[in-house]
>>> print(open('input_0.tsv').read())   # TSV, C-alpha atoms
chain	number	residue	atom	x	y	z
A	1	MET	CA	-9.02	-29.70	36.10
A	2	SER	CA	-9.61	-26.22	37.50
A	3	CYS	CA	-6.84	-23.66	37.23
A	4	LEU	CA	-6.39	-23.57	41.02
A	5	ALA	CA	-6.14	-27.36	41.22
A	6	CYS	CA	-3.61	-27.34	38.40
A	7	LEU	CA	-1.50	-24.71	40.16
A	8	LYS	CA	-1.51	-26.61	43.43
A	9	GLU	CA	-1.20	-30.18	42.18
A	10	SER	CA	0.92	-30.17	39.01
A	11	PRO	CA	4.58	-31.06	39.63
A	12	ALA	CA	5.68	-28.64	36.89
A	13	LEU	CA	4.04	-25.97	34.74
A	14	LEU	CA	5.25	-23.90	31.80
A	15	LEU	CA	4.66	-20.17	31.56
A	16	GLU	CA	5.06	-18.20	28.35
A	17	GLY	CA	8.38	-16.78	27.18
A	18	ALA	CA	9.30	-13.28	26.04
A	19	LEU	CA	6.69	-11.30	24.10
A	20	GLY	CA	7.66	-7.62	24.03
A	21	GLU	CA	11.27	-8.00	22.90
A	22	ARG	CA	10.41	-10.58	20.25
A	23	LEU	CA	7.49	-8.56	18.90
A	24	LYS	CA	9.79	-5.56	18.44
A	25	ARG	CA	12.86	-7.42	17.18
A	26	GLU	CA	11.32	-10.16	15.03
A	27	TYR	CA	8.06	-8.53	13.90
A	28	HIS	CA	9.04	-4.84	14.07
A	29	LEU	CA	5.85	-3.85	15.88
A	30	SER	CA	5.38	-0.59	17.76
A	31	PHE	CA	3.46	-0.35	21.03
A	32	ASP	CA	0.97	2.12	22.45
A	33	PRO	CA	2.80	4.80	24.52
A	34	GLN	CA	0.35	4.37	27.41
A	35	ILE	CA	-0.66	0.71	27.56
A	36	ALA	CA	2.12	-0.89	25.51
A	37	MET	CA	1.15	-4.30	24.06
A	38	ALA	CA	-2.46	-4.27	25.25
A	39	ARG	CA	-3.72	-2.73	22.00
A	40	LEU	CA	-1.99	-5.18	19.65
A	41	VAL	CA	-5.19	-7.25	19.46
A	42	GLU	CA	-6.78	-4.31	17.61
A	43	ARG	CA	-4.34	-4.72	14.68
A	44	GLU	CA	-4.20	-7.68	12.35
A	45	GLU	CA	-0.41	-7.80	12.33
A	46	GLY	CA	-0.45	-7.65	16.11
A	47	ARG	CA	-2.90	-10.52	16.40
A	48	GLN	CA	-0.97	-12.67	13.95
A	49	SER	CA	2.36	-12.05	15.70
A	50	LEU	CA	0.97	-12.71	19.17
A	51	GLU	CA	-0.71	-15.90	18.00
A	52	THR	CA	2.52	-17.15	16.42
A	53	LEU	CA	4.47	-16.70	19.66
A	54	TRP	CA	1.77	-18.16	21.92
A	55	ARG	CA	1.28	-21.16	19.65
A	56	GLU	CA	5.04	-21.78	19.70
A	57	TYR	CA	5.14	-21.71	23.50
A	58	ARG	CA	1.93	-23.74	23.87
A	59	GLU	CA	3.27	-26.39	21.52
A	60	SER	CA	6.40	-26.81	23.65
A	61	ALA	CA	4.19	-27.35	26.69
A	62	ARG	CA	1.96	-29.86	24.86
A	63	ARG	CA	4.90	-31.76	23.41
A	64	HIS	CA	6.39	-32.21	26.87
A	65	ARG	CA	3.11	-32.90	28.70
A	66	LEU	CA	3.08	-29.72	30.78
A	67	PRO	CA	0.16	-27.42	31.61
A	68	PHE	CA	0.65	-24.04	29.95
A	69	LEU	CA	-0.11	-20.67	31.59
A	70	ALA	CA	-0.46	-17.66	29.27
A	71	THR	CA	-1.29	-14.11	30.29
A	72	THR	CA	-2.69	-11.14	28.43
A	73	PRO	CA	-0.08	-8.49	27.49
A	74	THR	CA	-1.74	-5.94	29.77
A	75	ARG	CA	0.77	-5.20	32.53
A	76	ARG	CA	0.61	-1.46	31.84
A	77	ALA	CA	-3.17	-1.33	31.33
A	78	ASN	CA	-4.20	0.22	34.64
A	79	ARG	CA	-7.07	2.62	35.24
A	80	GLU	CA	-5.05	5.78	34.60
A	81	ARG	CA	-3.26	4.57	31.50
A	82	VAL	CA	-6.37	3.11	29.89
A	83	ALA	CA	-8.11	6.46	30.35
A	84	ARG	CA	-5.19	8.33	28.78
A	85	ALA	CA	-5.12	5.86	25.88
A	86	GLY	CA	-8.81	6.57	25.26
A	87	CYS	CA	-9.67	2.96	24.43
A	88	GLY	CA	-12.05	2.08	27.27
A	89	ASP	CA	-12.06	-1.11	29.29
A	90	ARG	CA	-13.11	-3.28	26.33
A	91	LEU	CA	-9.47	-4.22	25.88
A	92	PHE	CA	-9.68	-6.61	28.87
A	93	TRP	CA	-12.41	-8.59	27.12
A	94	GLU	CA	-10.65	-8.39	23.76
A	95	ASN	CA	-7.32	-9.65	25.09
A	96	LEU	CA	-8.86	-12.52	27.06
A	97	GLU	CA	-11.08	-13.56	24.17
A	98	PHE	CA	-8.12	-13.59	21.80
A	99	LEU	CA	-6.13	-15.81	24.16
A	100	ARG	CA	-9.12	-18.14	24.45
A	101	GLN	CA	-9.20	-18.40	20.66
A	102	VAL	CA	-5.52	-19.38	20.69
A	103	ARG	CA	-6.35	-22.07	23.25
A	104	GLN	CA	-9.28	-23.40	21.25
A	105	ALA	CA	-7.18	-23.65	18.10
A	106	GLY	CA	-4.70	-26.09	19.65
A	107	GLU	CA	-4.31	-29.03	21.98
A	108	GLY	CA	-2.97	-29.49	25.46
A	109	GLU	CA	-3.86	-28.09	28.87
A	110	MET	CA	-3.81	-24.28	28.76
A	111	TYR	CA	-5.03	-21.61	31.16
A	112	VAL	CA	-5.68	-17.96	30.28
A	113	GLY	CA	-4.72	-15.29	32.81
A	114	GLY	CA	-5.04	-11.54	33.20
A	115	LEU	CA	-1.69	-9.80	33.74
A	116	MET	CA	-1.50	-6.70	35.94
A	117	GLY	CA	1.40	-4.56	37.09
A	118	CYS	CA	2.49	-1.81	39.46
A	119	ARG	CA	1.47	1.79	38.89
A	120	GLY	CA	5.02	3.16	38.72
A	121	ASP	CA	8.45	1.84	37.72
A	122	ALA	CA	8.79	-1.91	38.23
A	123	TYR	CA	12.60	-1.77	38.33
A	124	THR	CA	13.05	1.09	40.80
A	125	GLY	CA	9.77	1.28	42.71
A	126	GLN	CA	9.42	4.97	41.86
A	127	GLY	CA	5.76	5.99	41.91
A	128	ALA	CA	4.68	2.94	43.95
A	129	LEU	CA	1.40	3.07	45.84
A	130	ALA	CA	0.68	2.61	49.52
A	131	GLN	CA	-1.26	-0.52	50.43
A	132	ARG	CA	-4.71	1.06	50.83
A	133	GLU	CA	-4.33	3.14	47.67
A	134	ALA	CA	-3.13	0.10	45.74
A	135	ARG	CA	-6.14	-1.98	46.78
A	136	VAL	CA	-8.55	0.63	45.43
A	137	PHE	CA	-6.48	1.45	42.35
A	138	HIS	CA	-5.93	-2.14	41.18
A	139	SER	CA	-9.47	-3.32	41.93
A	140	TRP	CA	-10.60	-1.59	38.75
A	141	ALA	CA	-8.57	-3.86	36.46
A	142	ALA	CA	-8.93	-6.99	38.62
A	143	GLN	CA	-12.71	-6.81	38.54
A	144	ARG	CA	-12.74	-6.34	34.79
A	145	PHE	CA	-10.58	-9.38	34.26
A	146	ALA	CA	-12.90	-11.36	36.51
A	147	GLN	CA	-15.97	-10.17	34.60
A	148	ALA	CA	-14.27	-11.07	31.31
A	149	GLY	CA	-13.73	-14.65	32.49
A	150	ALA	CA	-10.00	-14.96	33.25
A	151	ASP	CA	-8.88	-18.33	34.63
A	152	PHE	CA	-6.38	-16.64	36.96
A	153	LEU	CA	-4.68	-13.31	37.64
A	154	MET	CA	-1.01	-12.48	37.85
A	155	ALA	CA	0.81	-9.43	39.20
A	156	GLY	CA	4.08	-9.01	37.31
A	157	ILE	CA	7.38	-7.59	38.62
A	158	MET	CA	6.09	-5.94	41.80
A	159	PRO	CA	8.93	-3.93	43.39
A	160	THR	CA	7.48	-2.83	46.75
A	161	LEU	CA	5.64	-4.65	49.50
A	162	PRO	CA	2.86	-2.08	50.18
A	163	GLU	CA	1.69	-2.02	46.57
A	164	ALA	CA	2.05	-5.80	46.19
A	165	ALA	CA	-0.06	-6.27	49.33
A	166	GLY	CA	-2.78	-3.93	48.08
A	167	MET	CA	-2.68	-5.64	44.69
A	168	ALA	CA	-3.11	-9.02	46.40
A	169	GLN	CA	-6.16	-7.76	48.28
A	170	ALA	CA	-7.68	-6.40	45.07
A	171	MET	CA	-7.07	-9.66	43.25
A	172	GLY	CA	-8.35	-11.74	46.15
A	173	GLU	CA	-11.66	-9.90	46.06
A	174	THR	CA	-12.37	-11.42	42.63
A	175	GLY	CA	-12.31	-15.00	43.95
A	176	LEU	CA	-9.92	-16.00	41.15
A	177	PRO	CA	-6.65	-17.81	41.86
A	178	TYR	CA	-3.74	-15.42	41.51
A	179	LEU	CA	0.04	-15.22	41.53
A	180	ILE	CA	2.23	-12.42	42.88
A	181	SER	CA	5.55	-12.04	41.06
A	182	PHE	CA	8.17	-9.83	42.68
A	183	THR	CA	11.06	-7.70	41.46
A	184	LEU	CA	13.88	-9.37	43.41
A	185	ARG	CA	17.51	-8.50	44.03
A	186	GLY	CA	20.39	-10.87	44.62
A	187	ASP	CA	20.40	-9.97	48.32
A	188	GLY	CA	17.03	-11.71	48.64
A	189	CYS	CA	14.98	-8.52	48.96
A	190	LEU	CA	12.40	-6.64	46.95
A	191	ILE	CA	13.50	-3.32	45.47
A	192	ASP	CA	12.20	-1.53	48.60
A	193	GLY	CA	14.50	-3.62	50.80
A	194	THR	CA	11.88	-6.04	52.17
A	195	PRO	CA	13.21	-9.61	52.45
A	196	LEU	CA	11.24	-12.04	50.30
A	197	SER	CA	10.29	-14.15	53.32
A	198	GLN	CA	8.80	-11.13	55.10
A	199	ALA	CA	6.87	-10.08	52.00
A	200	ILE	CA	5.29	-13.51	51.63
A	201	ALA	CA	4.45	-13.73	55.34
A	202	TYR	CA	2.85	-10.28	55.36
A	203	ILE	CA	0.71	-10.76	52.25
A	204	ASP	CA	-0.46	-14.17	53.44
A	205	GLN	CA	-1.39	-12.62	56.79
A	206	ILE	CA	-3.41	-9.64	55.48
A	207	SER	CA	-5.16	-11.36	52.56
A	208	ASP	CA	-8.63	-12.84	53.03
A	209	TYR	CA	-7.97	-14.92	49.92
A	210	THR	CA	-4.24	-15.59	49.75
A	211	PRO	CA	-2.23	-15.93	46.54
A	212	ALA	CA	-2.02	-19.40	45.05
A	213	GLY	CA	1.74	-18.84	45.06
A	214	TYR	CA	4.59	-16.38	44.61
A	215	MET	CA	7.32	-16.09	42.01
A	216	ALA	CA	9.73	-13.67	40.31
A	217	ASN	CA	10.16	-12.54	36.74
A	218	CYS	CA	12.59	-10.49	34.66
A	219	LEU	CA	15.47	-12.07	36.61
A	220	HIS	CA	18.30	-14.45	35.71
A	221	PRO	CA	18.26	-17.90	37.38
A	222	LEU	CA	21.67	-17.35	38.95
A	223	ILE	CA	20.50	-14.13	40.61
A	224	LEU	CA	17.37	-15.87	41.91
A	225	GLU	CA	19.51	-18.72	43.20
A	226	GLU	CA	21.56	-16.17	45.12
A	227	ALA	CA	18.40	-14.51	46.45
A	228	LEU	CA	16.79	-17.74	47.64
A	229	GLY	CA	20.05	-18.84	49.25
A	230	GLN	CA	20.21	-15.78	51.52
A	231	PRO	CA	19.80	-16.61	55.25
A	232	CYS	CA	16.61	-14.50	55.46
A	233	ASN	CA	14.96	-16.71	52.83
A	234	ARG	CA	16.16	-20.14	53.92
A	235	VAL	CA	12.91	-20.76	55.80
A	236	PRO	CA	10.07	-23.27	55.29
A	237	LEU	CA	7.60	-20.54	54.26
A	238	VAL	CA	9.64	-19.57	51.19
A	239	ARG	CA	10.14	-23.22	50.26
A	240	GLU	CA	6.40	-23.83	50.49
A	241	ARG	CA	5.05	-20.65	48.92
A	242	PHE	CA	7.63	-19.46	46.37
A	243	TRP	CA	6.98	-21.40	43.19
A	244	GLY	CA	8.58	-20.06	40.08
A	245	LEU	CA	10.52	-17.85	37.71
A	246	GLN	CA	10.13	-16.26	34.30
A	247	ALA	CA	13.80	-15.87	33.53
A	248	ASN	CA	15.93	-13.28	31.79
A	249	THR	CA	18.80	-14.64	29.73
A	250	ALA	CA	21.19	-11.84	30.80
A	251	CYS	CA	22.76	-12.25	34.24
A	252	LEU	CA	22.57	-8.56	35.14
A	253	PRO	CA	20.79	-6.69	37.95
A	254	TYR	CA	17.83	-4.46	37.13
A	255	ASP	CA	19.67	-1.16	37.34
A	256	GLN	CA	22.21	-2.30	34.73
A	257	LEU	CA	19.57	-3.78	32.43
A	258	ASP	CA	17.60	-0.55	32.51
A	259	ARG	CA	20.60	1.46	31.30
A	260	LEU	CA	21.55	-0.74	28.35
A	261	GLU	CA	20.97	0.62	24.86
A	262	GLU	CA	21.48	-2.74	23.13
A	263	ALA	CA	20.41	-6.24	24.09
A	264	PRO	CA	23.11	-7.92	26.22
A	265	GLU	CA	24.55	-11.31	25.40
A	266	GLY	CA	22.27	-13.96	26.86
A	267	THR	CA	22.61	-17.45	28.29
A	268	PRO	CA	22.23	-20.22	25.66
A	269	PRO	CA	19.01	-22.30	25.84
A	270	GLU	CA	20.48	-25.53	27.22
A	271	VAL	CA	22.52	-23.71	29.84
A	272	LEU	CA	19.55	-21.61	30.94
A	273	ALA	CA	17.39	-24.74	31.17
A	274	GLU	CA	19.99	-26.44	33.36
A	275	GLN	CA	20.14	-23.40	35.65
A	276	MET	CA	16.34	-23.36	35.92
A	277	LEU	CA	16.25	-27.05	36.83
A	278	ARG	CA	18.83	-26.46	39.55
A	279	LEU	CA	16.34	-24.04	41.11
A	280	ARG	CA	13.79	-26.84	41.07
A	281	GLU	CA	16.20	-29.25	42.76
A	282	ARG	CA	17.45	-26.81	45.40
A	283	PHE	CA	14.31	-24.84	46.21
A	284	GLY	CA	11.35	-26.83	44.90
A	285	LEU	CA	10.29	-24.42	42.15
A	286	ARG	CA	7.73	-25.67	39.62
A	287	LEU	CA	6.53	-22.68	37.54
A	288	PHE	CA	8.99	-21.95	34.75
A	289	GLY	CA	8.94	-19.55	31.82
A	290	GLY	CA	10.90	-16.88	30.02
A	291	CYS	CA	11.23	-13.13	30.07
A	292	CYS	CA	13.73	-10.72	28.51
A	293	GLY	CA	15.96	-12.39	25.93
A	294	THR	CA	14.22	-15.76	25.81
A	295	THR	CA	13.24	-17.35	22.51
A	296	GLY	CA	11.22	-20.38	21.52
A	297	ALA	CA	14.43	-22.40	21.76
A	298	HIS	CA	14.88	-21.37	25.40
A	299	LEU	CA	11.33	-22.37	26.34
A	300	GLU	CA	11.62	-25.65	24.42
A	301	ALA	CA	14.83	-26.51	26.31
A	302	ILE	CA	13.20	-25.68	29.65
A	303	ALA	CA	10.10	-27.73	28.84
A	304	ARG	CA	12.18	-30.73	27.75
A	305	ARG	CA	14.26	-30.69	30.93
A	306	LEU	CA	11.13	-30.31	33.06
A	307	GLU	CA	9.52	-33.33	31.43
A	308	GLN	CA	12.66	-35.37	32.08
A	309	ALA	CA	12.79	-34.25	35.71
A	310	VAL	CA	9.12	-35.07	36.36
A	311	ARG	CA	9.48	-38.48	34.74
A	312	GLN	CA	12.58	-39.28	36.79
A	313	GLU	CA	10.91	-38.16	40.00
A	314	GLY	CA	7.95	-40.43	39.23
A	315	GLU	CA	10.26	-43.38	38.68
A	316	ASN	CA	12.00	-42.75	41.99
A	317	VAL	CA	8.79	-42.70	44.04
>>> encode(input="input_0.tsv", output="structure tokens")
Amino acid sequence: MSCLACLKESPALLLEGALGERLKREYHLSFDPQIAMARLVEREEGRQSLETLWREYRESARRHRLPFLATTPTRRANRERVARAGCGDRLFWENLEFLRQVRQAGEGEMYVGGLMGCRGDAYTGQGALAQREARVFHSWAAQRFAQAGADFLMAGIMPTLPEAAGMAQAMGETGLPYLISFTLRGDGCLIDGTPLSQAIAYIDQISDYTPAGYMANCLHPLILEEALGQPCNRVPLVRERFWGLQANTACLPYDQLDRLEEAPEGTPPEVLAEQMLRLRERFGLRLFGGCCGTTGAHLEAIARRLEQAVRQEGENV
């Protein structure tokens, strides 16, 4: 099955869980000051640690009969930062090839994606680009992922509509299926104040090749439930086009998370899984994964509940 067909037809899919926090806390790895985790594939301890986490997440997906979507740890690897890091664009090929090796070493349905991100601060929107600038700026990385053979592209935690729209246009030019993941607040808006429904409508309207779907990440399920329940987002378009969440375990807004010096207490795995499944029941979500605070236990609980939900839905047809 092609990646696009899988995205459109699968009743539920599993995305990876947390990488950055676990690599620091469990494996005591340091990241590049410019491009963060993107250079870990150049170090043996980085490769081993990444492989351990991805294999853990992939195994949960396989065990519970779910397609698995994994993305390269390259959200900060844009044109400017790669130049400052002095490593050249080979890292796009290296990261994708490493993920393909992880896929080949295991079983189950797995797709390898290229992760991109905003130019500035994903939590505040500071330094965000205008639409036209964003299209030119992000085309550099999008084209390199396409040339390196990514199955799909994903824009992670996009805080402002203009940059997300330009990013979508740049991704669409590759011909690859892609996902746009927003930085969302509990009031149902992006960080720049744009309601989610308006953001989706605008990007769909201006894109020659529209996103496969939209989602959010780095957000607790209860905050997303609040956001999707806002009057501005209780419309058919959001129900049809908004597909998923990579969840935080801490139920805190972005501005509070950004100020914390220590990791906050998180939601236990079974509770988080139940909250994620409520999003599926209420709003039709079907892409589920983890972000800040999640562990293998969290992703395993989510995958198990998803398998149960899909099986029950099949029995009720």
>>> atom_distance(input="input_0.tsv", atom1="CA of Gly114 in chain A", atom2="CA of Ala155 in chain A")
8.6 Å
>>> closest_residue(input="input_0.tsv", among="A:Gln169, A:Ser60, A:Gln256, A:Gln246", to="Glu133 in chain A", atoms="only C-alpha atoms")
A:Gln169
>>> atom_distance(input="input_0.tsv", atom1="CA of Leu91 in chain A", atom2="CA of Ile203 in chain A")
29.0 Å
>>> residues_near_point(input="input_0.tsv", point="(10.1, -13.3, 33.2)", cutoff="7 Å", atoms="all atoms listed in the file", output="mmCIF file with C-alpha atoms, keeping the file's coordinate frame")
data_model
loop_
_atom_site.group_PDB
_atom_site.id
_atom_site.type_symbol
_atom_site.label_atom_id
_atom_site.label_comp_id
_atom_site.auth_asym_id
_atom_site.auth_seq_id
_atom_site.Cartn_x
_atom_site.Cartn_y
_atom_site.Cartn_z
ATOM 1 C CA ASN A 217 10.160 -12.540 36.740
ATOM 2 C CA CYS A 218 12.590 -10.490 34.660
ATOM 3 C CA LEU A 219 15.470 -12.070 36.610
ATOM 4 C CA LEU A 245 10.520 -17.850 37.710
ATOM 5 C CA GLN A 246 10.130 -16.260 34.300
ATOM 6 C CA ALA A 247 13.800 -15.870 33.530
ATOM 7 C CA ASN A 248 15.930 -13.280 31.790
ATOM 8 C CA GLY A 289 8.940 -19.550 31.820
ATOM 9 C CA GLY A 290 10.900 -16.880 30.020
ATOM 10 C CA CYS A 291 11.230 -13.130 30.070
ATOM 11 C CA CYS A 292 13.730 -10.720 28.510
#
>>> atom_distance(input="input_0.tsv", atom1="CA of His298 in chain A", atom2="CA of Gly266 in chain A")
10.6 Å
>>> closest_residue(input="input_0.tsv", among="A:Ala165, A:Leu224, A:Gly156, A:Thr183", to="Thr210 in chain A", atoms="all atoms listed in the file")
A:Ala165
>>> closest_residue(input="input_0.tsv", among="A:Cys232, A:Leu299, A:Met110, A:Ala5", to="Ala18 in chain A", atoms="only C-alpha atoms")
A:Leu299
>>> closest_residue(input="input_0.tsv", among="A:Gly127, A:Arg144, A:Pro211, A:Ala134", to="Asp89 in chain A", atoms="only C-alpha atoms")
A:Arg144
>>> residues_around(input="input_0.tsv", residues="Cys189 in chain A", least_positions_apart="6", cutoff="10 Å", atoms="all atoms listed in the file", output="list in words")
Pro159, Thr160, Phe182, Thr183, Pro195, Leu196, Ser197, Gln198, Ala199, Ala227, Leu228, Gln230, Cys232 and Asn233 of chain A
>>> residues_around(input="input_0.tsv", residues="Phe283 in chain A", least_positions_apart="3", cutoff="10 Å", atoms="all atoms listed in the file", output="list in words")
Glu225, Leu228, Gly229, Arg234, Val238, Arg239, Glu240, Phe242, Trp243, Gly244, Leu277, Arg278, Leu279, Arg280 and Arg286 of chain A
>>> closest_residue(input="input_0.tsv", among="A:Thr295, A:Thr267, A:Gln147, A:Gln312", to="Gly17 in chain A", atoms="only C-alpha atoms")
A:Thr295
>>> residues_around(input="input_0.tsv", residues="Pro67 in chain A", least_positions_apart="3", cutoff="8 Å", atoms="only C-alpha atoms", output="PyMOL selection string")
chain A and resi 6+10+12-14+61-62+108-111
>>> closest_residue(input="input_0.tsv", among="A:Met1, A:Val82, A:Leu69, A:Ser139", to="Leu179 in chain A", atoms="all atoms listed in the file")
A:Leu69
>>> closest_atom_pairs(input="input_0.tsv", of="range 93-185 of chain A", to="range 26-39 of chain A", cutoff="12 Å", atoms="all atoms listed in the file", output="tab-separated table")
residue	atom	partner	partner_atom	distance
A:Trp93	CA	A:Ala38	CA	11.0
A:Glu94	CA	A:Arg39	CA	9.1
A:Asn95	CA	A:Ala38	CA	7.3
A:Leu96	CA	A:Ala38	CA	10.6
A:Phe98	CA	A:Ala38	CA	11.4
A:Gly114	CA	A:Ala38	CA	11.1
A:Leu115	CA	A:Ala38	CA	10.2
A:Met116	CA	A:Ala38	CA	11.0
A:Gly117	CA	A:Ile35	CA	11.1
A:Arg119	CA	A:Ile35	CA	11.6
>>> axis_aligned_box(input="input_0.tsv", around="range 2-14 of chain A", padding_each_side="8 Å", output="lines of an AutoDock Vina configuration file")
center_x = -2.0
center_y = -27.3
center_z = 37.6
size_x = 31.3
size_y = 23.5
size_z = 27.6
>>> residues_around(input="input_0.tsv", residues="Gln126 in chain A", least_positions_apart="5", cutoff="12 Å", atoms="all atoms listed in the file", output="list in words")
Cys118, Arg119, Gly120, Asp121, Met158, Pro159, Thr160, Glu163, Ile191 and Asp192 of chain A
>>> build_atoms(input="input_0.tsv", residues="range 174-182 of chain A", atoms="all heavy atoms", output="tab-separated table (two decimals), keeping the file's coordinate frame")
chain	number	residue	atom	x	y	z
A	174	THR	N	-11.71	-10.86	43.80
A	174	THR	CA	-12.37	-11.42	42.63
A	174	THR	C	-12.74	-12.89	42.82
A	174	THR	O	-13.59	-13.42	42.10
A	174	THR	CB	-11.47	-11.33	41.39
A	174	THR	OG1	-10.33	-12.21	41.55
A	174	THR	CG2	-10.97	-9.91	41.17
A	175	GLY	N	-12.09	-13.57	43.78
A	175	GLY	CA	-12.31	-15.00	43.95
A	175	GLY	C	-11.53	-15.86	42.98
A	175	GLY	O	-11.61	-17.10	43.03
A	176	LEU	N	-10.74	-15.25	42.09
A	176	LEU	CA	-9.92	-16.00	41.15
A	176	LEU	C	-8.59	-16.39	41.79
A	176	LEU	O	-8.05	-15.64	42.62
A	176	LEU	CB	-9.63	-15.17	39.90
A	176	LEU	CG	-10.81	-14.82	39.00
A	176	LEU	CD1	-10.36	-13.84	37.91
A	176	LEU	CD2	-11.40	-16.08	38.37
A	177	PRO	N	-8.02	-17.52	41.40
A	177	PRO	CA	-6.65	-17.81	41.86
A	177	PRO	C	-5.70	-16.78	41.26
A	177	PRO	O	-5.90	-16.31	40.13
A	177	PRO	CB	-6.37	-19.22	41.30
A	177	PRO	CG	-7.33	-19.39	40.18
A	177	PRO	CD	-8.55	-18.60	40.54
A	178	TYR	N	-4.66	-16.43	42.02
A	178	TYR	CA	-3.74	-15.42	41.51
A	178	TYR	C	-2.33	-15.66	42.00
A	178	TYR	O	-2.09	-16.32	43.02
A	178	TYR	CB	-4.22	-14.01	41.87
A	178	TYR	CG	-4.22	-13.67	43.34
A	178	TYR	CD1	-3.18	-12.94	43.93
A	178	TYR	CD2	-5.27	-14.06	44.17
A	178	TYR	CE1	-3.20	-12.61	45.28
A	178	TYR	CE2	-5.30	-13.73	45.52
A	178	TYR	CZ	-4.26	-13.01	46.07
A	178	TYR	OH	-4.27	-12.69	47.41
A	179	LEU	N	-1.38	-15.11	41.24
A	179	LEU	CA	0.04	-15.22	41.53
A	179	LEU	C	0.62	-13.82	41.71
A	179	LEU	O	0.27	-12.90	40.98
A	179	LEU	CB	0.78	-15.91	40.38
A	179	LEU	CG	0.34	-17.32	40.02
A	179	LEU	CD1	0.90	-17.72	38.66
A	179	LEU	CD2	0.80	-18.31	41.09
A	180	ILE	N	1.51	-13.67	42.68
A	180	ILE	CA	2.23	-12.42	42.88
A	180	ILE	C	3.69	-12.65	42.51
A	180	ILE	O	4.36	-13.50	43.09
A	180	ILE	CB	2.15	-11.93	44.34
A	180	ILE	CG1	0.71	-11.66	44.76
A	180	ILE	CG2	3.02	-10.67	44.52
A	180	ILE	CD1	0.06	-10.48	44.07
A	181	SER	N	4.17	-11.90	41.51
A	181	SER	CA	5.55	-12.04	41.06
A	181	SER	C	6.32	-10.78	41.43
A	181	SER	O	5.93	-9.67	41.08
A	181	SER	CB	5.59	-12.26	39.54
A	181	SER	OG	6.89	-12.57	39.12
A	182	PHE	N	7.43	-10.96	42.14
A	182	PHE	CA	8.17	-9.83	42.68
A	182	PHE	C	9.35	-9.42	41.79
A	182	PHE	O	9.87	-10.22	41.01
A	182	PHE	CB	8.74	-10.19	44.06
A	182	PHE	CG	7.71	-10.39	45.13
A	182	PHE	CD1	7.58	-11.63	45.76
A	182	PHE	CD2	6.88	-9.36	45.53
A	182	PHE	CE1	6.64	-11.82	46.77
A	182	PHE	CE2	5.94	-9.54	46.53
A	182	PHE	CZ	5.81	-10.78	47.15
